[in-house]
$ cat protein_36.cif   # mmCIF, C-alpha atoms
data_coords
loop_
_atom_site.label_atom_id
_atom_site.label_comp_id
_atom_site.auth_asym_id
_atom_site.auth_seq_id
_atom_site.Cartn_x
_atom_site.Cartn_y
_atom_site.Cartn_z
CA MET A 1 0.00 0.00 0.00
CA LYS A 2 1.39 3.40 -0.92
CA ASN A 3 1.92 5.89 1.91
CA ILE A 4 -0.47 8.84 1.76
CA PHE A 5 1.57 10.52 4.51
CA ASP A 6 4.62 10.70 2.21
CA LEU A 7 4.85 14.07 0.42
CA LYS A 8 5.79 12.47 -2.90
CA GLU A 9 2.81 10.12 -2.77
CA THR A 10 0.44 12.88 -1.68
CA ASN A 11 1.60 14.97 -4.63
CA THR A 12 1.06 12.03 -6.99
CA VAL A 13 -2.50 11.62 -5.71
CA ILE A 14 -3.12 15.38 -6.02
CA ASP A 15 -1.83 15.24 -9.61
CA ARG A 16 -4.30 12.44 -10.30
CA VAL A 17 -7.16 14.45 -8.76
CA ASN A 18 -6.17 17.44 -10.89
CA GLN A 19 -6.44 15.31 -14.05
CA LEU A 20 -10.17 14.95 -13.43
CA GLU A 21 -12.47 17.14 -15.51
CA THR A 22 -16.18 17.86 -15.32
CA THR A 23 -16.58 15.56 -18.32
CA SER A 24 -14.67 12.62 -16.79
CA GLN A 25 -16.75 9.44 -16.99
CA PRO A 26 -16.57 6.40 -14.70
CA LYS A 27 -15.36 3.04 -15.96
CA TRP A 28 -17.88 1.46 -13.56
CA GLY A 29 -20.50 2.57 -11.07
CA LYS A 30 -23.21 5.20 -11.09
CA MET A 31 -21.56 8.29 -9.57
CA SER A 32 -20.68 11.30 -11.65
CA VAL A 33 -17.24 12.82 -11.15
CA ASP A 34 -18.58 15.61 -8.89
CA GLN A 35 -20.42 13.05 -6.76
CA MET A 36 -17.30 10.89 -6.54
CA LEU A 37 -15.24 13.83 -5.27
CA ALA A 38 -17.89 14.65 -2.65
CA HIS A 39 -18.02 10.94 -1.73
CA CYS A 40 -14.23 10.87 -1.21
CA ASN A 41 -14.44 14.00 0.92
CA VAL A 42 -16.70 12.22 3.43
CA THR A 43 -13.74 10.20 4.76
CA TYR A 44 -11.90 13.43 5.54
CA GLU A 45 -15.00 15.15 6.90
CA MET A 46 -15.27 12.31 9.39
CA ALA A 47 -11.61 12.69 10.35
CA PHE A 48 -11.53 16.48 10.62
CA GLU A 49 -15.04 17.87 11.01
CA ASP A 50 -18.07 17.27 13.20
CA LYS A 51 -20.43 17.06 10.24
CA HIS A 52 -21.63 13.46 10.40
CA PRO A 53 -23.39 11.87 13.38
CA LYS A 54 -21.34 9.19 15.10
CA PRO A 55 -22.79 5.69 15.15
CA ASN A 56 -24.32 4.44 18.38
CA GLY A 57 -22.49 1.84 20.47
CA PHE A 58 -24.06 -1.23 18.88
CA THR A 59 -23.61 0.05 15.33
CA LYS A 60 -20.02 1.05 16.05
CA LEU A 61 -19.31 -2.43 17.40
CA MET A 62 -20.76 -4.03 14.26
CA LEU A 63 -18.75 -1.67 12.05
CA LYS A 64 -15.59 -2.47 14.00
CA TRP A 65 -16.11 -6.23 13.71
CA PHE A 66 -17.44 -6.54 10.17
CA VAL A 67 -16.55 -3.46 8.12
CA LYS A 68 -13.25 -2.27 9.58
CA PRO A 69 -11.22 -5.32 8.43
CA THR A 70 -12.19 -4.65 4.80
CA VAL A 71 -11.63 -0.89 5.03
CA VAL A 72 -8.19 -0.89 6.69
CA ASN A 73 -6.54 -3.93 5.08
CA ASN A 74 -4.16 -3.89 2.09
CA LYS A 75 -6.57 -5.46 -0.40
CA PRO A 76 -8.05 -3.13 -3.04
CA TYR A 77 -11.80 -2.61 -3.04
CA LYS A 78 -13.89 -4.56 -5.54
CA LYS A 79 -15.77 -2.66 -8.22
CA ASN A 80 -19.38 -1.75 -7.46
CA GLY A 81 -19.10 -2.54 -3.75
CA ARG A 82 -21.67 -1.35 -1.25
CA THR A 83 -21.10 1.87 0.63
CA ALA A 84 -22.30 3.23 3.95
CA PRO A 85 -25.36 5.52 3.83
CA GLN A 86 -23.42 8.67 4.82
CA PHE A 87 -21.15 8.11 1.79
CA LEU A 88 -24.05 8.01 -0.68
CA ILE A 89 -24.06 11.18 -2.77
CA THR A 90 -27.16 11.37 -4.94
CA ASP A 91 -27.42 15.05 -5.84
CA ALA A 92 -25.20 17.13 -8.12
CA LYS A 93 -22.22 18.83 -6.48
CA ASN A 94 -19.95 21.71 -7.47
CA PHE A 95 -17.06 19.95 -9.21
CA GLU A 96 -14.43 22.65 -8.62
CA GLU A 97 -15.44 23.11 -4.99
CA GLU A 98 -15.33 19.38 -4.21
CA LYS A 99 -12.02 18.98 -6.04
CA ALA A 100 -10.47 21.88 -4.10
CA ARG A 101 -11.77 20.48 -0.81
CA LEU A 102 -10.24 17.09 -1.54
CA VAL A 103 -6.86 18.60 -2.41
CA ASP A 104 -6.99 20.69 0.79
CA PHE A 105 -7.81 17.59 2.85
CA LEU A 106 -4.89 15.72 1.27
CA ILE A 107 -2.49 18.56 2.04
CA LYS A 108 -3.77 18.76 5.62
CA THR A 109 -3.47 15.00 6.12
CA GLN A 110 0.07 14.88 4.79
CA GLY A 111 1.06 17.95 6.81
CA LEU A 112 -0.20 16.46 10.04
CA GLY A 113 1.68 13.25 9.27
CA ALA A 114 1.35 9.64 10.28
CA SER A 115 2.21 10.28 13.94
CA HIS A 116 -0.86 12.54 14.29
CA PHE A 117 -3.10 9.65 13.28
CA ASP A 118 -1.36 6.81 15.15
CA GLY A 119 -3.82 5.72 17.84
CA LYS A 120 -6.37 8.38 16.82
CA ALA A 121 -9.98 7.23 17.02
CA SER A 122 -11.83 7.10 13.74
CA HIS A 123 -15.44 8.16 13.39
CA SER A 124 -16.72 4.61 12.98
CA PHE A 125 -14.00 2.12 13.94
CA GLY A 126 -12.39 3.33 17.16
CA LYS A 127 -8.63 3.75 17.48
CA LEU A 128 -6.62 2.97 14.38
CA THR A 129 -2.90 2.61 13.80
CA LYS A 130 -1.14 4.96 11.40
CA GLN A 131 -0.99 2.08 8.89
CA GLU A 132 -4.75 1.51 9.16
CA TRP A 133 -5.39 5.24 8.64
CA ASN A 134 -3.05 5.20 5.65
CA ASN A 135 -4.76 2.17 4.13
CA MET A 136 -8.20 3.67 4.66
CA PHE A 137 -7.23 7.03 3.13
CA TYR A 138 -5.12 5.78 0.24
CA LYS A 139 -7.13 2.71 -0.77
CA HIS A 140 -10.39 4.62 -1.01
CA LEU A 141 -8.92 7.42 -3.12
CA ASP A 142 -7.00 5.04 -5.36
CA HIS A 143 -10.16 3.00 -5.96
CA HIS A 144 -12.17 6.02 -7.09
CA LEU A 145 -9.39 7.65 -9.07
CA ASN A 146 -8.99 4.35 -10.93
CA GLN A 147 -12.77 4.32 -11.41
CA PHE A 148 -12.40 7.58 -13.34
CA GLY A 149 -9.28 6.52 -15.24
CA VAL A 150 -6.69 8.70 -13.53
#
$ encode --input "protein_36.cif" --output "structure tokens"
Amino acid sequence: MKNIFDLKETNTVIDRVNQLETTSQPKWGKMSVDQMLAHCNVTYEMAFEDKHPKPNGFTKLMLKWFVKPTVVNNKPYKKNGRTAPQFLITDAKNFEEEKARLVDFLIKTQGLGASHFDGKASHSFGKLTKQEWNNMFYKHLDHHLNQFGV
């Protein structure tokens, strides 16, 4: 798994994001490019903002047991996989705004570095290691950037 906390890798991901255009079409799935960017921003909103309600104790336990292993491991996501309700983006979004937000989140994440995230509690899974945070951040972005051919 590539290291999203490494400046070179962050810059590579930002370059890929910047290759997206309003006319970019997915190779699979139903999201438009603006929806995909907003969808990717949700991960960072959950890490940095208090925008999404936290799951209750039972739901968090289920997420930790059944979803976390898939989200934080090294295996790439399968095409057309299911997503959590808070990640569903069904309305049109401002492409440039969502793209800029994603780039800003990437810069912030890299600037804070792996040590900031090591042992930090995630919104849904409890405390994660820096490697689990990296896998979660990088794998999700890589999946969707590949979905749009960049």
$ closest_residue --input "protein_36.cif" --among "A:Ile14, A:Phe58, A:Lys108, A:Asn74" --to "Val150 in chain A" --atoms "all atoms listed in the file"
A:Ile14
$ resolve_selection --input "protein_36.cif" --expression "the PyMOL selection byres ((chain A and resi 23) around 12)" --output "PDB file with C-alpha atoms, in the frame of the given file"
ATOM      1  CA  GLN A  19      -6.440  15.310 -14.050  1.00  0.00           C
ATOM      2  CA  LEU A  20     -10.170  14.950 -13.430  1.00  0.00           C
ATOM      3  CA  GLU A  21     -12.470  17.140 -15.510  1.00  0.00           C
ATOM      4  CA  THR A  22     -16.180  17.860 -15.320  1.00  0.00           C
ATOM      5  CA  SER A  24     -14.670  12.620 -16.790  1.00  0.00           C
ATOM      6  CA  GLN A  25     -16.750   9.440 -16.990  1.00  0.00           C
ATOM      7  CA  PRO A  26     -16.570   6.400 -14.700  1.00  0.00           C
ATOM      8  CA  SER A  32     -20.680  11.300 -11.650  1.00  0.00           C
ATOM      9  CA  VAL A  33     -17.240  12.820 -11.150  1.00  0.00           C
ATOM     10  CA  ASP A  34     -18.580  15.610  -8.890  1.00  0.00           C
ATOM     11  CA  PHE A  95     -17.060  19.950  -9.210  1.00  0.00           C
ATOM     12  CA  PHE A 148     -12.400   7.580 -13.340  1.00  0.00           C
TER      13      PHE A 148
END
$ residues_around --input "protein_36.cif" --residues "Leu61 in chain A" --least-positions-apart "4" --cutoff "8 Å" --atoms "all atoms listed in the file" --output "PyMOL selection string"
chain A and resi 57+65+125
$ write_last_selection --input "protein_36.cif" --atoms "C-alpha atoms" --output "PDB file, keeping the file's coordinate frame"
ATOM      1  CA  GLY A  57     -22.490   1.840  20.470  1.00  0.00           C
ATOM      2  CA  TRP A  65     -16.110  -6.230  13.710  1.00  0.00           C
ATOM      3  CA  PHE A 125     -14.000   2.120  13.940  1.00  0.00           C
TER       4      PHE A 125
END
$ resolve_selection --input "protein_36.cif" --expression "the PyMOL selection byres ((chain A and resi 99) around 8)" --output "PyMOL selection string"
chain A and resi 17-18+34+37+95-98+100-103
$ residues_around --input "protein_36.cif" --residues "Thr109 in chain A" --least-positions-apart "6" --cutoff "10 Å" --atoms "only C-alpha atoms" --output "PyMOL selection string"
chain A and resi 4-6+10+44+47-48+103+116-117+134+137
$ resolve_selection --input "protein_36.cif" --expression "the PyMOL selection byres ((chain A and resi 145) around 9)" --output "NGL selection string"
:A and (13 or 16-17 or 20 or 36 or 140-144 or 146-150)
$ atom_distance --input "protein_36.cif" --atom1 "CA of Ser115 in chain A" --atom2 "CA of Ala84 in chain A"
27.4 Å
$ atom_distance --input "protein_36.cif" --atom1 "CA of Val67 in chain A" --atom2 "CA of Trp28 in chain A"
22.3 Å
$ atom_distance --input "protein_36.cif" --atom1 "CA of Met31 in chain A" --atom2 "CA of Asp15 in chain A"
20.9 Å
$ residues_around --input "protein_36.cif" --residues "His52 in chain A" --least-positions-apart "2" --cutoff "10 Å" --atoms "only C-alpha atoms" --output "MDAnalysis selection string"
chainID A and resid 42 45:46 49:50 54:55 86 123
$ residues_near_point --input "protein_36.cif" --point "(-24.2, 12.9, -6.9)" --cutoff "6 Å" --atoms "all atoms listed in the file" --output "ChimeraX atom specification"
/A:31,35,89-92
$ closest_residue --input "protein_36.cif" --among "A:Pro76, A:Lys60, A:Thr12, A:Thr43" --to "Lys139 in chain A" --atoms "all atoms listed in the file"
A:Pro76
$ axis_aligned_box --input "protein_36.cif" --around "range 87-95 of chain A" --padding-each-side "5 Å" --output "AutoDock Vina command-line options"
--center_x -22.2 --center_y 14.9 --center_z -3.7 --size_x 20.4 --size_y 23.7 --size_z 21.0
$ residues_around --input "protein_36.cif" --residues "Gly81 in chain A" --least-positions-apart "3" --cutoff "10 Å" --atoms "all atoms listed in the file" --output "list in words"
Gly29, Tyr77 and Lys78 of chain A
